[in-house]
Structure formats: C-alpha cells, structure tokens
Amino acid sequence: MLITTKRMIKGGFVSFWRNGFLSFSSIVVLTLSLLVIGGLIFLTGMASAYLNEVRSQVDVNVYFALNAPEEEILALQKTLGTLPEVATVEYVSREKALEQFKEEHKNDTLILQGLEEVGENPLPASFNIKAKDPSRYESVIKFLQGPQALSKSGSALVEKVSDNKKLLIIDRLSLILKTIERVGIGIVIVLVGVAIIVTLNTVRLVMYTRRDEISVMKLVGASNFQIRGPFVISGAMCGVISGIISLIVMYPIAYYATRVTDNFSKDFTLMQFYIANFSEIFIVILAAGVILGGVSSYLAVRRYLKI
Amino acid sequence: MIYYDNVTKIYDNEDEPALHKVTFAVEPEDFVTIVGHSGAGKSTLLKMLIVEDEPTDGAVFLESTNIHRLARRDVNKLRRRIGVVFQDYRLIPNKTAYENIAFAMEAAGRTDAEIAADVPHVLELVDLSNKMWSFPHEMSGGEKQRVAIARAIVNQPDIVIADEPTGNLDPINAYEIIRIFKKINDLGTTVLLTTHNKGVVDEIGGRVITIEKGQIIRDDPNGKYIL
C-alpha cells in the first residue's frame with residue numbers, strides 16, 4: 001500500500017510534467033474557475049460591507065414626555081439594553097439635546113432668540129436605538145408601546161417613536177436587504193456550479209485524449225486505484241498551481257478595484273479586505289483548486305475504467 | 001488449459017455474429033496461430049480471453065474457471081497472468097521503454113528491487129537495451145513492438161496473446177518479432193497469435209486455427225495458411 005501510494009504520487013508528478021500542454025490547459029481553465037470563485041468572494045465581501053453600513057445607519061429615535069422622570073428613562077435604557085434585538089441604546093438627556101440644538105443653530109440668531117423667549121427647555125429626552133437587524137425594529141417599537149414603557153404613575157413615558165415614514169423605509173429596507181442576500185447566494189451557487197461544470201468538461205476532454213493509455217493500464221492488470229491515483233494527484237497539482245496563480249492575480253484586481261470603488265463605502269476597501277482575510281481566502285481558493293482538479297480527474301477517469 | 005465453449009458474440013447494432021459457437025481448447029505451452037481475413041473474429045476471440053469483451057453466449061474457461069464470472073479484482077489478477085501484445089503497440093506515450101515495462105510490474109505488485117533487476121534483463125531479451133530510456137515517439141515500429149513484447153512477458157505470464165503483432169511491421173522486423181515469440185514459447189509460455197500474414201504462419205509452423213465469418217473452419221496441428 002505504501003509502495004503503491006509512493007508510486008502513485010511520483011507518477012502524478014511525472015505525468016504532470018510530461019503532459020505539459022494538457023496540464024497547461026487544465027491550469028488555464030482551473031485558474032479561470034478559481035478567479036470566478038475569487039471574484040465572488042470579493043463581491044460577497046463588498047456587498048456584506050455595504051449592507052452592514054446601511055444597517056448601521058438605520059436607527060430609531062424615541063422621544064420621551066417632557067415630564068418623564070430621568071431615573072425611569074435610565075431604567076428603561078437598561079431594560080432595552082438587555083433585549084436580544086437591541087445593539088445599542090444611546091440616551092440623550094433634555095440638557096444635552098438643548099446643548100446640541102444650540103450648537104447646531106449657533107449661527108441662526110432668530111431661532112436662538114425664539115428659544116430664549118420660550119424660557120424653559122422645550123426639548124424632550126430621547127433614545128437613539130440601533131437594532132442588531134433592521135427587521136427587528138418592529139418588536140423594539142412594540143416593546144416601547146407596551147406596559148414596560150409606562151411610568152410608575154401609569155402614564156406613558158414615550159411620547160413618540162421616530163416617524164411613520166422612517167419606519168416604513170426601515171421596513172422596506174429590511175426586505176430589500178434580505179432579498180439581496182438571497183439573490184446573492186443564488187448567484188454564488190449558479191456561478192460556482194458553472195465553474196465546476198466548465199472544469200469537469202475540460203478535464204474530461206483531457207482524459208479523452210488519454211483514454212488509450214488508461215485502457216492499456218487496465219489490460220496489463222493495474223487496479224483502478226493504481227490507474228486513478230496519478231491522474232488525481234496530477235489534477236490536484238494543477239489545482240494547487242491554479243490556486244496560487246489565482247491568488248496572485250487577485251492582488252492587482254483588488255488594487256485596481258479599490259481605486260475604482262473608492263467612494264463605495266467609507267470603511268471598506270477591497271485591498272484591505274483581501275489583506276485582512278488573506279489566510280481564509282488562501283485556504284478557500286487552494287482547497288477549491290485541489291478539490292476541483294482532483295475530483296474532476298477522479299470522475300473523468302472513471303468512465304474509461306469500465307474495461 | 002484455455003477452453004472456448006460454444007462462444008458466440010453479437011455486437012450491438014450488428015446483424016451478423018462476430019463469433020458463432022466457437023469451441024476449441026489450447027493446451028499449456030502450445031503455440032496457436034489464429035488466421036483469418038479482417039473482420040473474421042480473430043481479435044474478438046483474443047479480447048474474450050482478457051475479459052475486454054463478454055460473450056453473448058457460451059463461456060471461456062482458464063483451467064476450470066469461467067473467466068467472465070470473475071469479480072473485478074480477480075479480473076485484474078487474471079490479466080497479470082496474461083501478457084498482451086497489440087498491432088498498434090499501445091505503449092504509454094509519456095513513459096520511457098523502462099517505465100512502460102515497469103508499469104506492468106508495478107500493477108502486479110512487484111518491488112522496486114525486482115523491477116530494477118528484471119526490466120533491463122527483459123529488454124536485453126528483446127535486444128533493446130540501448131533504448132531503455134527512450135520514449136515511444138523516439139522508437140521505430142519494430143522497436144516499439146519489442147518493448148510491447150517485453151512488457152507482456154516481464155511478469156512471466158502463463159499465456160501471451162498477440163493480436164496482429166506484425167501488422168505494422170516490415171518483413172525483416174516481422175521475422176524478428178516472430179523469432180522472439182518462438183523463443184518465449186520455447187521457455188514454456190502458451191502463445192496465441194492472430195495474423196493474416198501467410199509468411200508469418202509459414203515461419204511459425206505448429207497449430208493453425210482458421211476463422212471465417214466468426215466460425216472455425218479449420219484447426220490443423222501442423223497447419224498452413226489456406227484461405
């Protein structure tokens with residue numbers, strides 16, 4: 001068994017070098033297939049960063065009644081923070097809201113004058129709530145409209161939750177994000193499927209040119225394992241080389257794509273994504289190459305072993 | 001002993017049978033020449049023996065075993081007991097003469113030391129030591145056929161079958177190849193050889209089976225080429 005495995009590996013390497021043109025053809029097609037997979041990794045990374053950014057910009061503002069006691073608002077903040085749907089709850093006190101308002105309108109004397117004429121602080125305390133997922137705002141809002149958001153005296157603490165238009169937008173956005181994710185998964189499956197089929201067909205063509213060789217091996221009494229082994233090793237080698245070529249080619253792609261998509265997202269560049277996730281991408285591309293090359297060869301040889 | 005028992009072979013989409021109720025036996029150490037026109041069924045007859053083809057009816061026995069009822073693994077073992085030589089040599093193109101012969105030994109599970117000892121020896125036997133590291137495309141037809149013979153005999157098989165081994169060779173090379181087969185037979189190996197070359201049959205002598213349209217029409221112990 002050990003001798004057979006050793007011979008099989010040696011045979012795979014020798015076959016790879018001596019069938020230079022066929023190996024080259026396999027490498028070209030495998031590289032293209034792996035670049036499709038690499039491109040999908042980039043697109044998924046970009047889409048995911050963009051969707052996360054959109055998600056992070058979605059929030060709900062909750063305005064409290066002017067007479068709502070601050071300690072009860074702070075207690076509600078704590079309770080909200082424990083909800084699984086909620087990512088962050090930022091409390092803006094009435095004083096801070098006034099301060100921010102004045103800062104925002106520091107050049108508008110008319111407004112500042114009006115504010116002074118009112119005398120007391122007209123602005124309510126508020127929460128800025130960010131949910132873990134836009135689809136979860138509905139349950140957060142329900143919670144704020146429920147008995148948990150009543151004061152000890154029984155009056156409602158919450159005066160207003162954002163505005164209906166914003167809630168409608170959040171609703172739609174949530175639906176769009178889900179659809180994009182589903183369509184994205186579908187596109188990835190289809191393209192990976194196409195890459196596999198193209199590779200399989202190319203390797204089948206390569207094996208077709210070597211079918212006589214396989215039949216001779218069978219007729220001298222070689223077992224299927226002895227025949228298949230070198231072909232699978234050779235296919236896996238093509239996969240490794242294609243993987244390395246793909247990883248090298250993906251670098252300038254990431255570089256130029258970063259320049260082209262400069263304004264795409266404020267926190268995301270393809271180059272950073274490629275470098276930060278290089279070890280994972282390396283493993284995925286190399287494993288895909290080895291599996292595509294090896295399994296394609298395994299399957300392609302099979303039909304010529306039936307002698 | 002090899003025994004063909006009422007073997008009939010009808011290929012798909014063919015009206016006429018390639019072989020029709022063929023029965024004959026071959027004793028160990030015999031040299032049997034099978035003659036007939038192209039398409040007479042000679043190659044089909046040999047393919048049956050290496051389980052490359054299945055009979056539509058009848059059976060082929062090697063000793064007392066019906067070889068078409070063997071499990072896949074046992075078919076491989078059977079093929080290691082039979083050396084095969086084809087008209088078109090069928091050498092593995094990306095392997096040297098040495099590696100082509102070594103592959104047959106590897107298939108039979110022989111060790112590296114045995115391979116290193118036996119391959120040069122068998123190449124010497126077919127007078128091809130100088131081409132040990134040549135690839136098939138660097139050899140002439142006669143040289144390729146001698147490598148194919150070396151590959152067929154390297155595992156010291158009980159039987160060697162040769163399907164038109166001189167079909168692509170000039171008379172001088174054909175004579176050389178026949179001389180090698182006779183030498184192999186003298187060493188105790190059963191040889192079954194097909195040909196439609198009268199000169200080859202006359203050179204070999206011995207038993208001649210003549211096939212016409214899938215049927216044996218003559219089986220002479222000291223036959224001649226009569227067609």
# chains A, B, ... in the order shown; residues from 1 in each chain; ligands from 1

call {"tool": "residues_around", "arguments": {"residues": "Leu32 (chain A)", "least_positions_apart": "3", "cutoff": "10 Å", "atoms": "only C-alpha atoms", "output": "JSON list (two decimals) with C-alpha atoms, in the first residue's frame"}}
result
[["chain", "number", "residue", "atom", "x", "y", "z"],
["A", 26, "SER", "CA", -6.19, 22.29, -17.17],
["A", 27, "ILE", "CA", -4.39, 25.04, -15.25],
["A", 28, "VAL", "CA", -5.84, 27.76, -17.52],
["A", 29, "VAL", "CA", -9.42, 26.54, -17.08],
["A", 35, "LEU", "CA", -10.96, 33.52, -10.37],
["A", 36, "VAL", "CA", -14.75, 33.30, -10.65],
["A", 37, "ILE", "CA", -14.80, 31.97, -7.07],
["A", 38, "GLY", "CA", -12.31, 34.68, -6.01],
["A", 195, "ALA", "CA", -17.15, 26.93, -12.83],
["A", 198, "VAL", "CA", -16.58, 24.00, -17.17],
["A", 199, "THR", "CA", -13.67, 22.46, -15.23],
["A", 242, "SER", "CA", -4.07, 27.39, -10.42],
["A", 243, "GLY", "CA", -4.87, 28.41, -6.84],
["A", 245, "ILE", "CA", -1.89, 31.91, -9.84],
["A", 246, "SER", "CA", -5.44, 33.00, -8.90]]

call {"tool": "select_by_dssp", "arguments": {"residues": "region 107-157 of chain A", "states": "strand (DSSP E)", "output": "ChimeraX atom specification"}}
result
/A:126-131

call {"tool": "select_by_dssp", "arguments": {"residues": "region 236-287 of chain A", "states": "alpha helix (DSSP H)", "output": "JSON, numbers by chain"}}
result
{"A": [236, 237, 238, 239, 240, 241, 242, 243, 244, 245, 246, 247, 248, 249, 250, 251, 252, 253, 254, 255, 256, 257, 258, 259, 260, 270, 271, 272, 273, 274, 275, 276, 278, 279, 280, 281, 282, 283, 284, 285, 286, 287]}

call {"tool": "write_last_selection", "arguments": {"atoms": "N, CA and C atoms", "output": "short mmCIF file (atom, residue, chain, number, x, y, z; two decimals), in the first residue's frame"}}
result
data_model
loop_
_atom_site.label_atom_id
_atom_site.label_comp_id
_atom_site.auth_asym_id
_atom_site.auth_seq_id
_atom_site.Cartn_x
_atom_site.Cartn_y
_atom_site.Cartn_z
N ALA A 236 -4.82 17.41 -8.85
CA ALA A 236 -4.71 18.21 -7.62
C ALA A 236 -3.54 19.19 -7.75
N MET A 237 -2.45 18.74 -8.39
CA MET A 237 -1.30 19.64 -8.60
C MET A 237 -1.68 20.82 -9.47
N CYS A 238 -2.46 20.53 -10.54
CA CYS A 238 -2.96 21.62 -11.40
C CYS A 238 -3.79 22.58 -10.54
N GLY A 239 -4.58 22.02 -9.62
CA GLY A 239 -5.41 22.83 -8.73
C GLY A 239 -4.57 23.73 -7.84
N VAL A 240 -3.48 23.19 -7.29
CA VAL A 240 -2.61 23.99 -6.40
C VAL A 240 -1.99 25.14 -7.19
N ILE A 241 -1.46 24.81 -8.37
CA ILE A 241 -0.81 25.85 -9.19
C ILE A 241 -1.84 26.90 -9.62
N SER A 242 -3.01 26.44 -10.03
CA SER A 242 -4.07 27.39 -10.42
C SER A 242 -4.46 28.27 -9.24
N GLY A 243 -4.52 27.66 -8.06
CA GLY A 243 -4.87 28.41 -6.84
C GLY A 243 -3.86 29.52 -6.59
N ILE A 244 -2.57 29.17 -6.70
CA ILE A 244 -1.52 30.16 -6.45
C ILE A 244 -1.59 31.28 -7.49
N ILE A 245 -1.79 30.89 -8.77
CA ILE A 245 -1.89 31.91 -9.84
C ILE A 245 -3.10 32.82 -9.55
N SER A 246 -4.22 32.21 -9.17
CA SER A 246 -5.44 33.00 -8.90
C SER A 246 -5.19 34.00 -7.77
N LEU A 247 -4.52 33.52 -6.70
CA LEU A 247 -4.27 34.40 -5.54
C LEU A 247 -3.37 35.57 -5.95
N ILE A 248 -2.42 35.28 -6.85
CA ILE A 248 -1.52 36.36 -7.32
C ILE A 248 -2.32 37.34 -8.18
N VAL A 249 -3.15 36.81 -9.09
CA VAL A 249 -3.93 37.67 -9.99
C VAL A 249 -4.96 38.50 -9.21
N MET A 250 -5.46 37.93 -8.13
CA MET A 250 -6.48 38.65 -7.33
C MET A 250 -5.91 39.91 -6.66
N TYR A 251 -4.57 39.92 -6.47
CA TYR A 251 -3.96 41.08 -5.81
C TYR A 251 -4.12 42.36 -6.65
N PRO A 252 -3.64 42.36 -7.92
CA PRO A 252 -3.86 43.59 -8.73
C PRO A 252 -5.35 43.89 -8.97
N ILE A 253 -6.17 42.82 -9.03
CA ILE A 253 -7.62 43.06 -9.19
C ILE A 253 -8.13 43.86 -7.99
N ALA A 254 -7.72 43.43 -6.80
CA ALA A 254 -8.15 44.12 -5.57
C ALA A 254 -7.61 45.55 -5.56
N TYR A 255 -6.37 45.71 -6.04
CA TYR A 255 -5.73 47.03 -6.04
C TYR A 255 -6.49 48.00 -6.94
N TYR A 256 -6.76 47.56 -8.19
CA TYR A 256 -7.45 48.45 -9.13
C TYR A 256 -8.92 48.63 -8.75
N ALA A 257 -9.53 47.58 -8.26
CA ALA A 257 -10.94 47.68 -7.86
C ALA A 257 -11.07 48.66 -6.69
N THR A 258 -10.06 48.72 -5.83
CA THR A 258 -10.08 49.66 -4.70
C THR A 258 -10.10 51.10 -5.22
N ARG A 259 -9.30 51.33 -6.27
CA ARG A 259 -9.25 52.69 -6.84
C ARG A 259 -10.57 53.05 -7.51
N VAL A 260 -11.15 52.07 -8.21
CA VAL A 260 -12.40 52.31 -8.93
C VAL A 260 -13.56 52.52 -7.95
N LEU A 270 -11.40 47.09 -1.03
CA LEU A 270 -11.21 45.69 -1.44
C LEU A 270 -9.81 45.22 -1.05
N MET A 271 -8.85 46.15 -1.15
CA MET A 271 -7.46 45.79 -0.83
C MET A 271 -7.33 45.41 0.65
N GLN A 272 -7.94 46.24 1.49
CA GLN A 272 -7.91 45.95 2.94
C GLN A 272 -8.60 44.60 3.21
N PHE A 273 -9.73 44.41 2.54
CA PHE A 273 -10.49 43.17 2.71
C PHE A 273 -9.63 41.96 2.31
N TYR A 274 -8.92 42.10 1.17
CA TYR A 274 -8.09 41.00 0.66
C TYR A 274 -6.95 40.69 1.64
N ILE A 275 -6.31 41.75 2.12
CA ILE A 275 -5.17 41.53 3.03
C ILE A 275 -5.66 40.99 4.38
N ALA A 276 -6.75 41.60 4.90
CA ALA A 276 -7.24 41.19 6.22
C ALA A 276 -7.75 39.74 6.22
N PHE A 278 -6.74 37.35 4.00
CA PHE A 278 -5.93 36.57 3.07
C PHE A 278 -5.83 35.10 3.46
N SER A 279 -5.64 34.83 4.76
CA SER A 279 -5.47 33.42 5.14
C SER A 279 -6.72 32.60 4.81
N GLU A 280 -7.91 33.18 5.07
CA GLU A 280 -9.16 32.46 4.75
C GLU A 280 -9.31 32.29 3.24
N ILE A 281 -9.04 33.39 2.50
CA ILE A 281 -9.18 33.33 1.02
C ILE A 281 -8.18 32.31 0.46
N PHE A 282 -6.95 32.34 1.01
CA PHE A 282 -5.89 31.38 0.58
C PHE A 282 -6.40 29.95 0.72
N ILE A 283 -6.96 29.65 1.90
CA ILE A 283 -7.44 28.28 2.15
C ILE A 283 -8.59 27.93 1.21
N VAL A 284 -9.55 28.86 1.06
CA VAL A 284 -10.73 28.58 0.21
C VAL A 284 -10.30 28.34 -1.25
N ILE A 285 -9.46 29.24 -1.78
CA ILE A 285 -9.07 29.13 -3.19
C ILE A 285 -8.23 27.88 -3.43
N LEU A 286 -7.26 27.64 -2.53
CA LEU A 286 -6.40 26.46 -2.71
C LEU A 286 -7.20 25.16 -2.56
N ALA A 287 -8.07 25.14 -1.55
CA ALA A 287 -8.90 23.93 -1.34
C ALA A 287 -9.83 23.72 -2.53
#

call {"tool": "residues_around", "arguments": {"residues": "region 41-54 of chain B", "least_positions_apart": "4", "cutoff": "9 Å", "atoms": "only C-alpha atoms", "output": "PyMOL selection string"}}
result
(chain A and resi 219+307) or (chain B and resi 2+4+7+9+17-19+22+34-37+59-62+67-68+75+78-79+82+84+161-164+192-195+211-215)

call {"tool": "interface_residues", "arguments": {"of": "chain A", "to": "chain B", "cutoff": "7 Å", "atoms": "only C-alpha atoms", "output": "JSON, numbers by chain"}}
result
{"A": [18, 213, 216, 219, 220, 221, 222, 223, 307]}

call {"tool": "write_last_selection", "arguments": {"atoms": "N, CA and C atoms", "output": "PDB file, in the first residue's frame"}}
result
ATOM      1  N   ARG A  18       5.272  15.701 -17.865  1.00  0.00           N
ATOM      2  CA  ARG A  18       5.424  15.168 -19.225  1.00  0.00           C
ATOM      3  C   ARG A  18       4.238  15.492 -20.117  1.00  0.00           C
ATOM      4  N   GLU A 213      -4.310   5.197 -23.125  1.00  0.00           N
ATOM      5  CA  GLU A 213      -3.325   4.974 -22.061  1.00  0.00           C
ATOM      6  C   GLU A 213      -3.988   4.267 -20.871  1.00  0.00           C
ATOM      7  N   VAL A 216      -4.792   0.644 -21.697  1.00  0.00           N
ATOM      8  CA  VAL A 216      -3.592  -0.203 -21.636  1.00  0.00           C
ATOM      9  C   VAL A 216      -3.285  -0.546 -20.180  1.00  0.00           C
ATOM     10  N   LEU A 219      -5.481  -3.243 -19.133  1.00  0.00           N
ATOM     11  CA  LEU A 219      -5.205  -4.546 -19.748  1.00  0.00           C
ATOM     12  C   LEU A 219      -3.916  -5.197 -19.239  1.00  0.00           C
ATOM     13  N   VAL A 220      -3.037  -4.411 -18.612  1.00  0.00           N
ATOM     14  CA  VAL A 220      -1.860  -5.058 -18.003  1.00  0.00           C
ATOM     15  C   VAL A 220      -2.169  -5.463 -16.557  1.00  0.00           C
ATOM     16  N   GLY A 221      -3.413  -5.246 -16.147  1.00  0.00           N
ATOM     17  CA  GLY A 221      -3.841  -5.739 -14.838  1.00  0.00           C
ATOM     18  C   GLY A 221      -3.749  -4.740 -13.698  1.00  0.00           C
ATOM     19  N   ALA A 222      -3.553  -3.439 -14.034  1.00  0.00           N
ATOM     20  CA  ALA A 222      -3.489  -2.435 -12.965  1.00  0.00           C
ATOM     21  C   ALA A 222      -4.878  -2.267 -12.335  1.00  0.00           C
ATOM     22  N   SER A 223      -4.899  -2.065 -11.028  1.00  0.00           N
ATOM     23  CA  SER A 223      -6.188  -1.853 -10.349  1.00  0.00           C
ATOM     24  C   SER A 223      -6.665  -0.436 -10.625  1.00  0.00           C
ATOM     25  N   ILE A 307     -13.444  -1.399 -18.309  1.00  0.00           N
ATOM     26  CA  ILE A 307     -12.998  -2.400 -19.299  1.00  0.00           C
ATOM     27  C   ILE A 307     -12.883  -3.729 -18.589  1.00  0.00           C
TER      28      ILE A 307
END

call {"tool": "atom_distance", "arguments": {"atom1": "CA of Lys142 (chain A)", "atom2": "CA of Ala75 (chain A)"}}
result
17.6 Å

call {"tool": "closest_residue", "arguments": {"among": "A:Arg210, A:Lys10, A:Arg55, A:Lys266", "to": "Leu305 (chain A)", "atoms": "only C-alpha atoms"}}
result
A:Arg210

call {"tool": "residues_around", "arguments": {"residues": "Ala68 (chain A)", "least_positions_apart": "3", "cutoff": "8 Å", "atoms": "only C-alpha atoms", "output": "NGL selection string"}}
result
:A and (64-65 or 72-73 or 151 or 157)

call {"tool": "write_last_selection", "arguments": {"atoms": "N, CA and C atoms", "output": "CSV table (one decimal), in the first residue's frame"}}
result
chain,number,residue,atom,x,y,z
A,64,PHE,N,-39.2,61.1,24.7
A,64,PHE,CA,-39.9,60.9,25.9
A,64,PHE,C,-40.8,62.2,26.2
A,65,ALA,N,-41.8,61.9,27.1
A,65,ALA,CA,-42.6,63.0,27.5
A,65,ALA,C,-41.8,64.0,28.3
A,72,GLU,N,-36.4,56.9,35.6
A,72,GLU,CA,-37.2,55.9,34.9
A,72,GLU,C,-36.8,55.7,33.5
A,73,ILE,N,-36.4,56.8,32.9
A,73,ILE,CA,-35.8,56.7,31.5
A,73,ILE,C,-34.6,55.8,31.5
A,151,SER,N,-44.7,54.8,33.1
A,151,SER,CA,-44.0,55.3,34.4
A,151,SER,C,-44.7,54.6,35.6
A,157,LEU,N,-44.3,56.9,29.3
A,157,LEU,CA,-43.0,57.6,29.2
A,157,LEU,C,-42.7,58.1,27.8
